[in-house]
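Below: my_file_34.cif (mmCIF, C-alpha atoms (C1' of nucleotides) and all ligand atoms)
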data_model
#
loop_
_atom_site.label_atom_id
_atom_site.label_comp_id
_atom_site.auth_asym_id
_atom_site.auth_seq_id
_atom_site.Cartn_x
_atom_site.Cartn_y
_atom_site.Cartn_z
CA MET O 1 73.72 83.36 108.06
CA GLY O 2 71.92 82.51 104.84
CA ILE O 3 69.73 84.28 102.34
CA ILE O 4 67.17 86.66 103.82
CA ARG O 5 65.98 88.68 100.86
CA LYS O 6 65.17 87.23 97.46
CA THR O 7 67.19 89.68 95.42
CA GLN O 8 68.10 89.81 91.75
CA SER O 9 71.57 88.47 92.51
CA VAL O 10 70.14 85.45 94.26
CA GLU O 11 67.79 84.72 91.38
CA VAL O 12 70.54 85.09 88.81
CA LEU O 13 72.79 82.67 90.65
CA LEU O 14 70.04 80.15 91.35
CA ALA O 15 69.21 80.19 87.65
CA GLU O 16 72.77 79.07 86.89
CA PHE O 17 72.21 75.89 88.86
CA LYS O 18 68.58 75.29 87.92
CA SER O 19 69.14 73.41 84.70
CA THR O 20 72.19 71.33 85.57
CA THR O 21 73.52 69.01 88.19
CA GLU O 22 77.09 69.75 87.16
CA ALA O 23 79.38 71.63 89.49
CA VAL O 24 80.50 75.13 88.53
CA SER O 25 83.56 76.94 89.77
CA ALA O 26 83.15 80.29 91.46
CA ILE O 27 85.56 81.72 88.90
CA ALA O 28 83.50 80.45 85.99
CA LEU O 29 80.40 82.05 87.47
CA ILE O 30 82.19 85.34 88.00
CA LYS O 31 83.33 85.41 84.37
CA ARG O 32 80.00 84.26 83.01
CA LEU O 33 78.01 86.79 85.03
CA ASP O 34 80.48 89.62 84.73
CA SER O 35 77.98 91.95 83.10
CA LYS O 36 75.31 91.24 85.70
CA LEU O 37 76.99 90.75 89.04
CA ASN O 38 80.03 91.92 90.88
CA LYS O 39 82.71 89.40 91.86
CA THR O 40 82.21 90.06 95.56
CA THR O 41 78.48 89.56 95.27
CA VAL O 42 78.93 86.21 93.57
CA TYR O 43 81.19 84.98 96.36
CA ARG O 44 78.86 86.28 99.04
CA VAL O 45 75.65 84.89 97.59
CA LEU O 46 77.24 81.49 96.94
CA ASP O 47 78.39 81.45 100.54
CA LYS O 48 74.89 82.18 101.78
CA LEU O 49 73.31 79.61 99.51
CA GLU O 50 75.65 77.07 101.02
CA ASP O 51 74.62 78.14 104.50
CA ASP O 52 71.03 77.54 103.50
CA GLY O 53 71.73 74.02 102.25
CA VAL O 54 70.95 74.95 98.65
CA LEU O 55 74.49 74.53 97.34
CA HIS O 56 77.55 72.72 98.60
CA SER O 57 81.16 73.56 97.86
CA PHE O 58 84.49 71.82 97.57
CA LEU O 59 87.99 72.46 96.26
CA ASP O 60 89.33 70.87 93.12
CA LYS O 61 92.82 69.53 92.45
CA ASN O 62 94.15 73.08 92.09
CA GLY O 63 92.54 74.47 95.22
CA ILE O 64 89.82 76.23 93.20
CA LYS O 65 86.35 76.48 94.71
CA TRP O 66 83.42 74.73 93.05
CA TYR O 67 79.73 74.70 93.84
CA ALA O 68 76.97 72.22 93.07
CA LYS O 69 73.33 71.76 94.00
CA CYS O 70 72.53 70.02 97.21
CA ASN O 71 70.16 67.12 97.32
CA ALA O 72 68.59 66.72 100.71
CA CYS O 73 70.45 69.26 102.77
CA THR O 74 69.12 71.76 105.25
CA CYS O 75 70.55 74.97 106.60
CA SER O 76 71.58 73.14 109.74
CA LYS O 77 73.31 70.19 108.11
CA HIS O 78 74.79 69.09 104.82
CA PHE O 79 74.12 65.46 103.94
CA ASP O 80 76.07 65.31 100.74
CA ALA O 81 79.59 64.32 101.72
CA HIS O 82 79.95 62.48 98.43
CA PRO O 83 82.97 62.24 96.16
CA HIS O 84 83.46 64.60 93.26
CA PHE O 85 84.75 63.66 89.86
CA GLN O 86 86.96 65.92 87.76
CA CYS O 87 87.59 65.03 84.13
CA LEU O 88 91.24 65.24 83.19
CA SER O 89 90.35 65.89 79.55
CA CYS O 90 87.60 68.50 79.57
CA GLY O 91 87.87 69.75 83.14
CA LYS O 92 84.19 69.19 83.91
CA VAL O 93 83.37 68.42 87.53
CA ASP O 94 80.33 66.76 88.98
CA CYS O 95 78.98 65.00 92.02
CA VAL O 96 79.24 61.24 92.20
CA VAL O 97 76.61 59.53 94.28
CA ILE O 98 78.69 56.56 95.29
CA ASP O 99 79.68 55.63 98.78
CA VAL O 100 83.40 55.52 99.45
CA HIS O 101 84.06 53.68 102.64
CA ILE O 102 86.71 55.17 104.93
CA PRO O 103 87.97 52.49 107.30
CA ASN O 104 88.58 53.22 110.96
CA ILE O 105 92.05 54.37 111.84
CA PRO O 106 93.57 53.27 115.17
CA ASN O 107 93.60 55.99 117.82
CA ARG O 108 91.92 58.51 115.58
CA GLU O 109 88.43 59.79 115.22
CA VAL O 110 87.31 60.26 111.64
CA VAL O 111 84.86 63.13 111.40
CA VAL O 112 84.57 63.86 107.70
CA SER O 113 86.39 63.06 104.50
CA GLN O 114 86.71 64.58 101.07
CA VAL O 115 87.28 62.50 98.01
CA LEU O 116 88.25 63.92 94.63
CA ILE O 117 88.38 61.41 91.84
CA GLN O 118 90.11 62.23 88.58
CA GLY O 119 89.78 60.50 85.27
CA LYS O 120 87.73 60.63 82.10
CA CYS O 121 84.09 61.63 82.16
CA GLU O 122 81.21 60.18 80.15
CA ASP O 123 81.76 62.55 77.25
CA CYS O 124 85.51 62.04 77.08
CA PHE O 125 85.42 58.32 77.78
CA VAL O 126 86.09 56.45 74.53
CA MET T 1 113.46 68.21 86.26
CA GLY T 2 114.70 67.29 89.69
CA ILE T 3 117.70 68.05 91.85
CA ILE T 4 121.03 68.18 90.03
CA ARG T 5 123.36 69.80 92.53
CA LYS T 6 123.46 68.96 96.22
CA THR T 7 123.32 72.53 97.46
CA GLN T 8 122.91 74.02 100.92
CA SER T 9 119.24 74.72 100.26
CA VAL T 10 118.59 71.11 99.38
CA GLU T 11 120.36 69.89 102.52
CA VAL T 12 118.47 72.32 104.73
CA LEU T 13 115.13 71.22 103.34
CA LEU T 14 115.94 67.52 103.46
CA ALA T 15 116.92 67.95 107.11
CA GLU T 16 113.41 69.23 107.84
CA PHE T 17 111.94 65.93 106.73
CA LYS T 18 114.67 63.66 108.05
CA SER T 19 113.39 63.25 111.58
CA THR T 20 109.65 63.07 111.01
CA THR T 21 107.06 61.34 108.90
CA GLU T 22 104.61 64.16 109.46
CA ALA T 23 103.59 66.40 106.59
CA VAL T 24 104.69 70.03 106.60
CA SER T 25 103.08 72.87 104.74
CA ALA T 26 105.18 74.91 102.34
CA ILE T 27 104.16 78.01 104.29
CA ALA T 28 105.35 76.55 107.57
CA LEU T 29 108.71 75.73 106.00
CA ILE T 30 109.04 79.21 104.57
CA LYS T 31 108.38 80.77 107.97
CA ARG T 32 110.59 78.31 109.81
CA LEU T 33 113.52 78.73 107.41
CA ASP T 34 113.07 82.43 106.83
CA SER T 35 116.57 83.30 108.07
CA LYS T 36 118.20 80.61 105.93
CA LEU T 37 116.29 80.36 102.67
CA ASN T 38 114.30 82.55 100.39
CA LYS T 39 110.62 81.82 99.84
CA THR T 40 111.10 81.18 96.14
CA THR T 41 113.94 78.78 96.82
CA VAL T 42 111.81 76.77 99.22
CA TYR T 43 109.06 76.40 96.62
CA ARG T 44 111.51 75.49 93.87
CA VAL T 45 113.50 72.95 95.87
CA LEU T 46 110.33 71.28 97.19
CA ASP T 47 109.10 71.05 93.64
CA LYS T 48 112.29 69.39 92.52
CA LEU T 49 112.36 66.99 95.45
CA GLU T 50 108.88 65.93 94.40
CA ASP T 51 110.07 65.37 90.85
CA ASP T 52 112.78 63.13 92.23
CA GLY T 53 110.34 61.01 94.21
CA VAL T 54 111.76 62.16 97.54
CA LEU T 55 108.69 64.10 98.65
CA HIS T 56 105.06 64.08 97.62
CA SER T 57 102.59 66.93 97.87
CA PHE T 58 98.88 67.46 98.32
CA LEU T 59 96.44 70.25 99.18
CA ASP T 60 94.66 70.46 102.49
CA LYS T 61 91.08 71.50 103.18
CA ASN T 62 91.99 75.14 102.61
CA GLY T 63 93.88 74.61 99.37
CA ILE T 64 97.25 74.99 101.11
CA LYS T 65 100.16 72.90 99.84
CA TRP T 66 101.70 70.27 102.10
CA TYR T 67 104.70 68.00 101.61
CA ALA T 68 105.65 64.68 103.15
CA LYS T 69 108.32 62.06 102.64
CA CYS T 70 107.77 59.46 100.00
CA ASN T 71 108.11 55.81 100.74
CA ALA T 72 108.95 53.82 97.67
CA CYS T 73 108.70 56.38 94.95
CA THR T 74 111.03 57.04 92.05
CA CYS T 75 111.53 60.06 89.88
CA SER T 76 109.43 58.42 87.20
CA LYS T 77 106.47 57.43 89.32
CA HIS T 78 104.85 58.18 92.65
CA PHE T 79 103.46 55.13 94.42
CA ASP T 80 102.00 56.86 97.42
CA ALA T 81 98.47 57.79 96.44
CA HIS T 82 97.37 57.29 100.02
CA PRO T 83 94.91 59.33 102.05
CA HIS T 84 96.03 62.17 104.28
CA PHE T 85 94.68 62.94 107.69
CA GLN T 86 94.27 66.47 109.04
CA CYS T 87 93.52 66.98 112.71
CA LEU T 88 90.67 69.41 113.30
CA SER T 89 92.03 70.28 116.73
CA CYS T 90 95.75 70.82 116.31
CA GLY T 91 95.97 71.13 112.52
CA LYS T 92 98.66 68.46 112.19
CA VAL T 93 98.64 66.52 108.93
CA ASP T 94 100.12 63.15 108.14
CA CYS T 95 100.04 60.30 105.72
CA VAL T 96 97.71 57.39 106.39
CA VAL T 97 98.80 54.10 104.94
CA ILE T 98 95.34 52.63 104.53
CA ASP T 99 93.74 51.60 101.30
CA VAL T 100 90.55 53.44 100.41
CA HIS T 101 88.73 51.58 97.71
CA ILE T 102 87.21 53.69 94.95
CA PRO T 103 84.49 51.70 93.21
CA ASN T 104 84.13 51.74 89.45
CA ILE T 105 81.84 54.39 88.07
CA PRO T 106 79.74 53.56 85.00
CA ASN T 107 81.02 55.13 81.78
CA ARG T 108 83.97 56.73 83.49
CA GLU T 109 87.59 55.90 83.77
CA VAL T 110 89.06 56.48 87.20
CA VAL T 111 92.71 57.46 86.94
CA VAL T 112 93.62 58.76 90.37
CA SER T 113 91.90 59.89 93.53
CA GLN T 114 92.74 62.11 96.45
CA VAL T 115 91.34 61.50 99.88
CA LEU T 116 91.58 63.97 102.73
CA ILE T 117 90.27 62.71 106.03
CA GLN T 118 89.55 65.10 108.86
CA GLY T 119 89.10 64.31 112.52
CA LYS T 120 91.07 64.03 115.71
CA CYS T 121 94.65 62.81 115.69
CA GLU T 122 96.37 60.53 118.19
CA ASP T 123 97.44 63.42 120.41
CA CYS T 124 94.07 65.13 120.41
CA PHE T 125 92.02 61.95 120.62
CA VAL T 126 90.68 61.64 124.17
"C1'" DT Y 1 51.79 103.84 98.60
"C1'" DT Y 2 54.85 105.99 101.01
"C1'" DT Y 3 58.34 105.54 104.48
"C1'" DG Y 4 62.06 103.78 107.10
"C1'" DG Y 5 65.07 100.17 108.69
"C1'" DT Y 6 68.45 97.12 107.19
"C1'" DA Y 7 70.06 93.38 104.17
"C1'" DT Y 8 72.46 93.51 100.16
"C1'" DT Y 9 75.37 95.31 96.48
"C1'" DG Y 10 79.35 97.48 93.97
"C1'" DC Y 11 83.62 99.24 94.19
"C1'" DA Y 12 88.21 99.71 95.43
"C1'" DA Y 13 91.59 98.26 98.04
"C1'" DC Y 14 93.52 94.51 100.25
"C1'" DT Y 15 95.48 89.63 101.55
"C1'" DC Y 16 98.30 86.02 100.81
"C1'" DA Y 17 99.90 81.61 98.64
"C1'" DG Y 18 102.31 80.75 94.93
"C1'" DT Y 19 104.91 82.18 90.36
"C1'" DT Y 20 108.15 84.57 87.18
"C1'" DG Y 21 112.19 87.24 85.36
"C1'" DT Y 22 116.74 88.13 86.08
"C1'" DA Y 23 121.23 89.20 87.60
"C1'" DG Y 24 124.45 87.40 90.63
"C1'" DT Y 25 126.34 83.16 93.12
"C1'" DA Y 26 128.16 78.67 93.98
"C1'" DA Y 27 128.39 73.79 92.73
"C1'" DA Y 28 130.57 70.61 89.77
"C1'" DT Y 29 133.73 69.44 86.08
"C1'" DT Y 30 137.97 70.27 83.51
"C1'" DA G 1 142.31 77.84 88.85
"C1'" DA G 2 139.19 78.57 85.16
"C1'" DT G 3 134.84 77.50 83.03
"C1'" DT G 4 130.29 76.20 82.79
"C1'" DT G 5 125.71 76.43 84.22
"C1'" DA G 6 122.47 74.98 87.97
"C1'" DC G 7 120.86 77.35 91.54
"C1'" DT G 8 119.56 81.34 94.56
"C1'" DA G 9 117.81 85.90 96.19
"C1'" DC G 10 115.23 89.60 95.30
"C1'" DA G 11 111.61 92.16 93.69
"C1'" DA G 12 107.79 92.36 91.20
"C1'" DC G 13 103.90 89.99 89.77
"C1'" DT G 14 99.46 86.87 89.55
"C1'" DG G 15 95.06 85.59 90.75
"C1'" DA G 16 91.56 83.63 93.88
"C1'" DG G 17 89.29 85.11 97.50
"C1'" DT G 18 88.28 88.81 101.38
"C1'" DT G 19 87.17 93.26 103.70
"C1'" DG G 20 85.39 98.02 104.64
"C1'" DC G 21 82.23 101.12 103.46
"C1'" DA G 22 79.03 104.13 101.12
"C1'" DA G 23 75.13 103.61 98.11
"C1'" DT G 24 71.18 100.87 96.88
"C1'" DA G 25 67.08 97.98 96.92
"C1'" DC G 26 64.25 94.87 99.34
"C1'" DC G 27 60.54 94.35 102.65
"C1'" DA G 28 57.30 95.38 106.04
"C1'" DA G 29 54.95 98.61 108.73
"C1'" DA G 30 52.32 102.67 108.73
ZN ZN H 1 85.42 65.16 80.09
ZN ZN H 2 78.64 67.34 95.14
ZN ZN H 3 95.62 66.86 116.77
ZN ZN H 4 101.42 61.21 102.14
#
For the file at hand, write its structure as structure tokens.
Amino acid sequence: MGIIRKTQSVEVLLAEFKSTTEAVSAIALIKRLDSKLNKTTVYRVLDKLEDDGVLHSFLDKNGIKWYAKCNACTCSKHFDAHPHFQCLSCGKVDCVVIDVHIPNIPNREVVVSQVLIQGKCEDCFV
Amino acid sequence: MGIIRKTQSVEVLLAEFKSTTEAVSAIALIKRLDSKLNKTTVYRVLDKLEDDGVLHSFLDKNGIKWYAKCNACTCSKHFDAHPHFQCLSCGKVDCVVIDVHIPNIPNREVVVSQVLIQGKCEDCFV
DNA sequence: TTTGGTATTGCAACTCAGTTGTAGTAAATT
DNA sequence: AATTTACTACAACTGAGTTGCAATACCAAA
């Protein structure tokens, strides 16, 4: 179940995503908002925002959870099964709006796929 | 640094991969070998076998570590940057030897990519 | 605007995969 | 057989994420 009440915590977290399209790790948010919100609250609100189709989440190379804004998602369905790009130099992660084609595999049904690309981002690219 | 001495622990772990091409999670190995090997030993030997190009590892949807046999890898370089397939019904994971093409991204250098495909495996496919 | 129901929050305690330090053990080499 | 040192077991730790619960704050009805 998603967000029901527009609380301070919700506003604070939404504000973190308002000005950027970059992804942010749950851990980074917890540290950054330490004086304002409790760790548990951050996890719970992020979870609800994902339910509502406002944010989407994924795991990075180290199994750490990241969140980014959704584009055209609803509470019933996420439409942003796009790849994510993690910079090996600065660690920044963001959504990449390219289409990676997953070929059919004999005798298997492909339902969903996750692609994590690693390399150098715009800022770190010489 | 990889394996230097051919110990009992190494033999036990190699035996687990000898008869199958399926991937096995570190946790599953730890449980399965609980009477023979210590948890720490399992992690350390797996790590070394990966260094030696005997096994390769990856994280599943839940950030859990899995290992599978390598094909043509050496201690200096892993050549098996292939996708992995996790069955949503039975949980089984294995290597998929298909080539998923990652297109170039403007102003970014793609170094490596990880693809995790989810769906129904051969056994669970109706 | 008060009141009351309940969604939400903070806190502490927990879970659990994976790591680290270390003293003892067992391969390999002589 | 003695020596060297890679390896192992154990216990204790780490750190991201979860859970239970009492206190709080949002919202709507009165
Ligand atoms: Zn960068
Ligand atoms: Zn994204
Ligand atoms: Zn299956
Ligand atoms: Zn593989």
Could I have chain T as a CSV table (one decimal) with C-alpha atoms, in the coordinates of the input after it is superimposed on chain O by least squares, pairing all C-alpha atoms in sequence order?
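Below is the file that was written, result_33.csv:
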chain,number,residue,atom,x,y,z
T,1,MET,CA,73.8,83.4,108.0
T,2,GLY,CA,72.0,82.5,104.8
T,3,ILE,CA,69.7,84.3,102.3
T,4,ILE,CA,67.2,86.7,103.8
T,5,ARG,CA,66.0,88.7,100.9
T,6,LYS,CA,65.2,87.2,97.5
T,7,THR,CA,67.2,89.7,95.4
T,8,GLN,CA,68.1,89.8,91.8
T,9,SER,CA,71.6,88.5,92.5
T,10,VAL,CA,70.1,85.5,94.3
T,11,GLU,CA,67.8,84.7,91.4
T,12,VAL,CA,70.5,85.1,88.8
T,13,LEU,CA,72.8,82.7,90.6
T,14,LEU,CA,70.0,80.2,91.3
T,15,ALA,CA,69.2,80.2,87.6
T,16,GLU,CA,72.8,79.1,86.9
T,17,PHE,CA,72.2,75.9,88.8
T,18,LYS,CA,68.6,75.3,87.9
T,19,SER,CA,69.2,73.4,84.7
T,20,THR,CA,72.2,71.3,85.5
T,21,THR,CA,73.5,69.0,88.2
T,22,GLU,CA,77.1,69.7,87.1
T,23,ALA,CA,79.4,71.6,89.5
T,24,VAL,CA,80.5,75.1,88.5
T,25,SER,CA,83.6,76.9,89.8
T,26,ALA,CA,83.1,80.3,91.5
T,27,ILE,CA,85.6,81.7,88.9
T,28,ALA,CA,83.5,80.5,86.0
T,29,LEU,CA,80.4,82.1,87.5
T,30,ILE,CA,82.2,85.3,88.0
T,31,LYS,CA,83.3,85.4,84.4
T,32,ARG,CA,80.0,84.3,83.0
T,33,LEU,CA,78.0,86.8,85.0
T,34,ASP,CA,80.5,89.6,84.8
T,35,SER,CA,78.0,92.0,83.1
T,36,LYS,CA,75.3,91.2,85.7
T,37,LEU,CA,77.0,90.8,89.0
T,38,ASN,CA,80.0,91.9,90.9
T,39,LYS,CA,82.7,89.4,91.8
T,40,THR,CA,82.2,90.1,95.5
T,41,THR,CA,78.5,89.6,95.3
T,42,VAL,CA,78.9,86.2,93.6
T,43,TYR,CA,81.2,85.0,96.4
T,44,ARG,CA,78.9,86.3,99.1
T,45,VAL,CA,75.6,84.9,97.6
T,46,LEU,CA,77.2,81.5,96.9
T,47,ASP,CA,78.4,81.5,100.5
T,48,LYS,CA,74.9,82.2,101.8
T,49,LEU,CA,73.3,79.6,99.5
T,50,GLU,CA,75.7,77.1,101.0
T,51,ASP,CA,74.6,78.2,104.5
T,52,ASP,CA,71.0,77.6,103.5
T,53,GLY,CA,71.7,74.0,102.3
T,54,VAL,CA,70.9,75.0,98.7
T,55,LEU,CA,74.5,74.5,97.3
T,56,HIS,CA,77.5,72.7,98.6
T,57,SER,CA,81.2,73.6,97.9
T,58,PHE,CA,84.5,71.8,97.6
T,59,LEU,CA,88.0,72.5,96.3
T,60,ASP,CA,89.3,70.9,93.1
T,61,LYS,CA,92.8,69.5,92.5
T,62,ASN,CA,94.1,73.1,92.1
T,63,GLY,CA,92.5,74.5,95.2
T,64,ILE,CA,89.8,76.2,93.2
T,65,LYS,CA,86.4,76.5,94.7
T,66,TRP,CA,83.4,74.7,93.0
T,67,TYR,CA,79.7,74.7,93.8
T,68,ALA,CA,77.0,72.2,93.1
T,69,LYS,CA,73.4,71.8,94.0
T,70,CYS,CA,72.6,70.0,97.2
T,71,ASN,CA,70.2,67.1,97.3
T,72,ALA,CA,68.6,66.7,100.7
T,73,CYS,CA,70.4,69.3,102.8
T,74,THR,CA,69.1,71.8,105.2
T,75,CYS,CA,70.5,75.0,106.6
T,76,SER,CA,71.6,73.1,109.7
T,77,LYS,CA,73.3,70.2,108.1
T,78,HIS,CA,74.8,69.1,104.8
T,79,PHE,CA,74.1,65.5,103.9
T,80,ASP,CA,76.1,65.3,100.7
T,81,ALA,CA,79.6,64.3,101.7
T,82,HIS,CA,79.9,62.5,98.4
T,83,PRO,CA,83.0,62.2,96.2
T,84,HIS,CA,83.5,64.6,93.3
T,85,PHE,CA,84.7,63.7,89.9
T,86,GLN,CA,86.9,65.9,87.8
T,87,CYS,CA,87.6,65.0,84.1
T,88,LEU,CA,91.2,65.2,83.2
T,89,SER,CA,90.4,65.9,79.6
T,90,CYS,CA,87.6,68.5,79.6
T,91,GLY,CA,87.9,69.7,83.2
T,92,LYS,CA,84.2,69.2,83.9
T,93,VAL,CA,83.4,68.4,87.5
T,94,ASP,CA,80.3,66.7,89.0
T,95,CYS,CA,79.0,65.0,92.0
T,96,VAL,CA,79.2,61.2,92.2
T,97,VAL,CA,76.6,59.6,94.3
T,98,ILE,CA,78.7,56.6,95.3
T,99,ASP,CA,79.7,55.6,98.8
T,100,VAL,CA,83.4,55.5,99.5
T,101,HIS,CA,84.1,53.7,102.7
T,102,ILE,CA,86.7,55.1,104.9
T,103,PRO,CA,88.0,52.5,107.3
T,104,ASN,CA,88.6,53.2,111.0
T,105,ILE,CA,92.1,54.3,111.8
T,106,PRO,CA,93.6,53.2,115.2
T,107,ASN,CA,93.6,55.9,117.8
T,108,ARG,CA,91.9,58.5,115.6
T,109,GLU,CA,88.5,59.8,115.2
T,110,VAL,CA,87.3,60.2,111.7
T,111,VAL,CA,84.9,63.1,111.4
T,112,VAL,CA,84.6,63.8,107.7
T,113,SER,CA,86.4,63.0,104.5
T,114,GLN,CA,86.7,64.6,101.1
T,115,VAL,CA,87.3,62.5,98.0
T,116,LEU,CA,88.3,63.9,94.7
T,117,ILE,CA,88.4,61.4,91.9
T,118,GLN,CA,90.1,62.2,88.6
T,119,GLY,CA,89.8,60.5,85.3
T,120,LYS,CA,87.7,60.6,82.1
T,121,CYS,CA,84.1,61.6,82.2
T,122,GLU,CA,81.2,60.2,80.1
T,123,ASP,CA,81.8,62.6,77.2
T,124,CYS,CA,85.5,62.0,77.1
T,125,PHE,CA,85.4,58.3,77.8
T,126,VAL,CA,86.1,56.5,74.5
Counting only C-alpha atoms (C1' of nucleotides) and all ligand atoms, what residues are within 10 Å of ligand ZN 3 (chain H), given as an MDAnalysis selection string?
-> (chainID O and resid 108) or (chainID T and resid 85:93 119:125)
Give the residues close to ligand ZN 2 (chain H), within 8 Å, counting all atoms listed in the file; write them as a short mmCIF file (atom, residue, chain, number, x, y, z; two decimals) with C-alpha atoms, in the frame of the given file.
data_model
loop_
_atom_site.label_atom_id
_atom_site.label_comp_id
_atom_site.auth_asym_id
_atom_site.auth_seq_id
_atom_site.Cartn_x
_atom_site.Cartn_y
_atom_site.Cartn_z
CA ALA O 23 79.38 71.63 89.49
CA HIS O 56 77.55 72.72 98.60
CA SER O 57 81.16 73.56 97.86
CA PHE O 58 84.49 71.82 97.57
CA TYR O 67 79.73 74.70 93.84
CA ALA O 68 76.97 72.22 93.07
CA LYS O 69 73.33 71.76 94.00
CA CYS O 70 72.53 70.02 97.21
CA ASP O 80 76.07 65.31 100.74
CA ALA O 81 79.59 64.32 101.72
CA HIS O 82 79.95 62.48 98.43
CA PRO O 83 82.97 62.24 96.16
CA HIS O 84 83.46 64.60 93.26
CA ASP O 94 80.33 66.76 88.98
CA CYS O 95 78.98 65.00 92.02
CA VAL O 96 79.24 61.24 92.20
#
For DT19 of chain Y, work out the shell of residues within 12 Å, counting only C-alpha atoms (C1' of nucleotides) and skipping chain neighbours fewer than 4 positions away, then give it as a list of chain:residue names.
->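 The residues that qualify are T:Lys39, T:Thr40, T:Thr41, T:Tyr43, T:Arg44, G:DA12, G:DC13, G:DT14, G:DG15.
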For chain G, which of O:Leu55, O:Ile117, O:Ala26, O:Val110 is the closest residue, counting only C-alpha atoms (C1' of nucleotides)?
-> O:Ala26
Would you kindly return, as an NGL selection string, each protein, DNA or RNA residue with an atom no farther than 9 Å from any atom of DA27 of chain Y, considering only C-alpha atoms (C1' of nucleotides) and excluding same-chain residues fewer than 5 positions away?
-> (:T and (5-7)) or (:G and (6-7))
Show me, as a tab-separated table, the residues of chain Y having an atom within 12 Å of chain T, each with the closest atom pair and its distance in Å, using all atoms listed in the file.
residue	atom	partner	partner_atom	distance
Y:DC16	C1'	T:Ile27	CA	10.5
Y:DA17	C1'	T:Ile64	CA	7.5
Y:DG18	C1'	T:Tyr43	CA	8.2
Y:DT19	C1'	T:Thr40	CA	8.5
Y:DT20	C1'	T:Thr40	CA	10.0
Y:DT25	C1'	T:Thr7	CA	11.9
Y:DA26	C1'	T:Thr7	CA	8.6
Y:DA27	C1'	T:Arg5	CA	6.4
Y:DA28	C1'	T:Arg5	CA	7.8
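Among the candidates T:Val126, T:Val112, T:Met1, T:Leu49, the residue lying nearest to chain O is T:Val112 (atoms considered: only C-alpha atoms).
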At a cut-off of 12 Å, list the chain G residues touching chain T, using only C-alpha atoms (C1' of nucleotides), as a ChimeraX atom specification.
-> /G:5-11,16-17
With C-alpha atoms (C1' of nucleotides) retained, export the selected residues as a PDB file, in the frame of the given file.
ATOM      1  C1'  DT G   5     125.710  76.430  84.220  1.00  0.00           C
ATOM      2  C1'  DA G   6     122.470  74.980  87.970  1.00  0.00           C
ATOM      3  C1'  DC G   7     120.860  77.350  91.540  1.00  0.00           C
ATOM      4  C1'  DT G   8     119.560  81.340  94.560  1.00  0.00           C
ATOM      5  C1'  DA G   9     117.810  85.900  96.190  1.00  0.00           C
ATOM      6  C1'  DC G  10     115.230  89.600  95.300  1.00  0.00           C
ATOM      7  C1'  DA G  11     111.610  92.160  93.690  1.00  0.00           C
ATOM      8  C1'  DA G  16      91.560  83.630  93.880  1.00  0.00           C
ATOM      9  C1'  DG G  17      89.290  85.110  97.500  1.00  0.00           C
TER      10       DG G  17
END
Which residue gives the smallest distance to ligand ZN 1 (chain H) among T:Gly2, T:Gly53, T:Glu22, T:Glu109, with only C-alpha atoms and all ligand atoms counted?
->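 Nearest candidate to ligand ZN 1 (chain H) out of T:Gly2, T:Gly53, T:Glu22, T:Glu109: T:Glu109.
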Within 9 Å of Pro103 of chain O, counting all atoms listed in the file, which residues qualify if same-chain residues fewer than 2 places away don't, as a ChimeraX atom specification?
-> /O:101,105,110 /T:98-100
In Å to one decimal, how far is atom C1' of DT8 of chain Y from atom C1' of DA25 of chain G?
->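 Interatomic distance here is 7.7 Å.
Going from atom CA of Val10 of chain O to atom C1' of DG10 of chain Y covers 15.2 Å.
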Interatomic distance (Å, one decimal) between atom CA of Glu50 of chain O and atom CA of Leu116 of chain O |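 Spanning atom CA of Glu50 of chain O to atom CA of Leu116 of chain O is a straight-line distance of 19.3 Å.
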Using all atoms listed in the file, find the one residue out of O:Lys48, O:Thr20, O:Val12, O:Val111 that sits nearest to chain T.
-> O:Val111
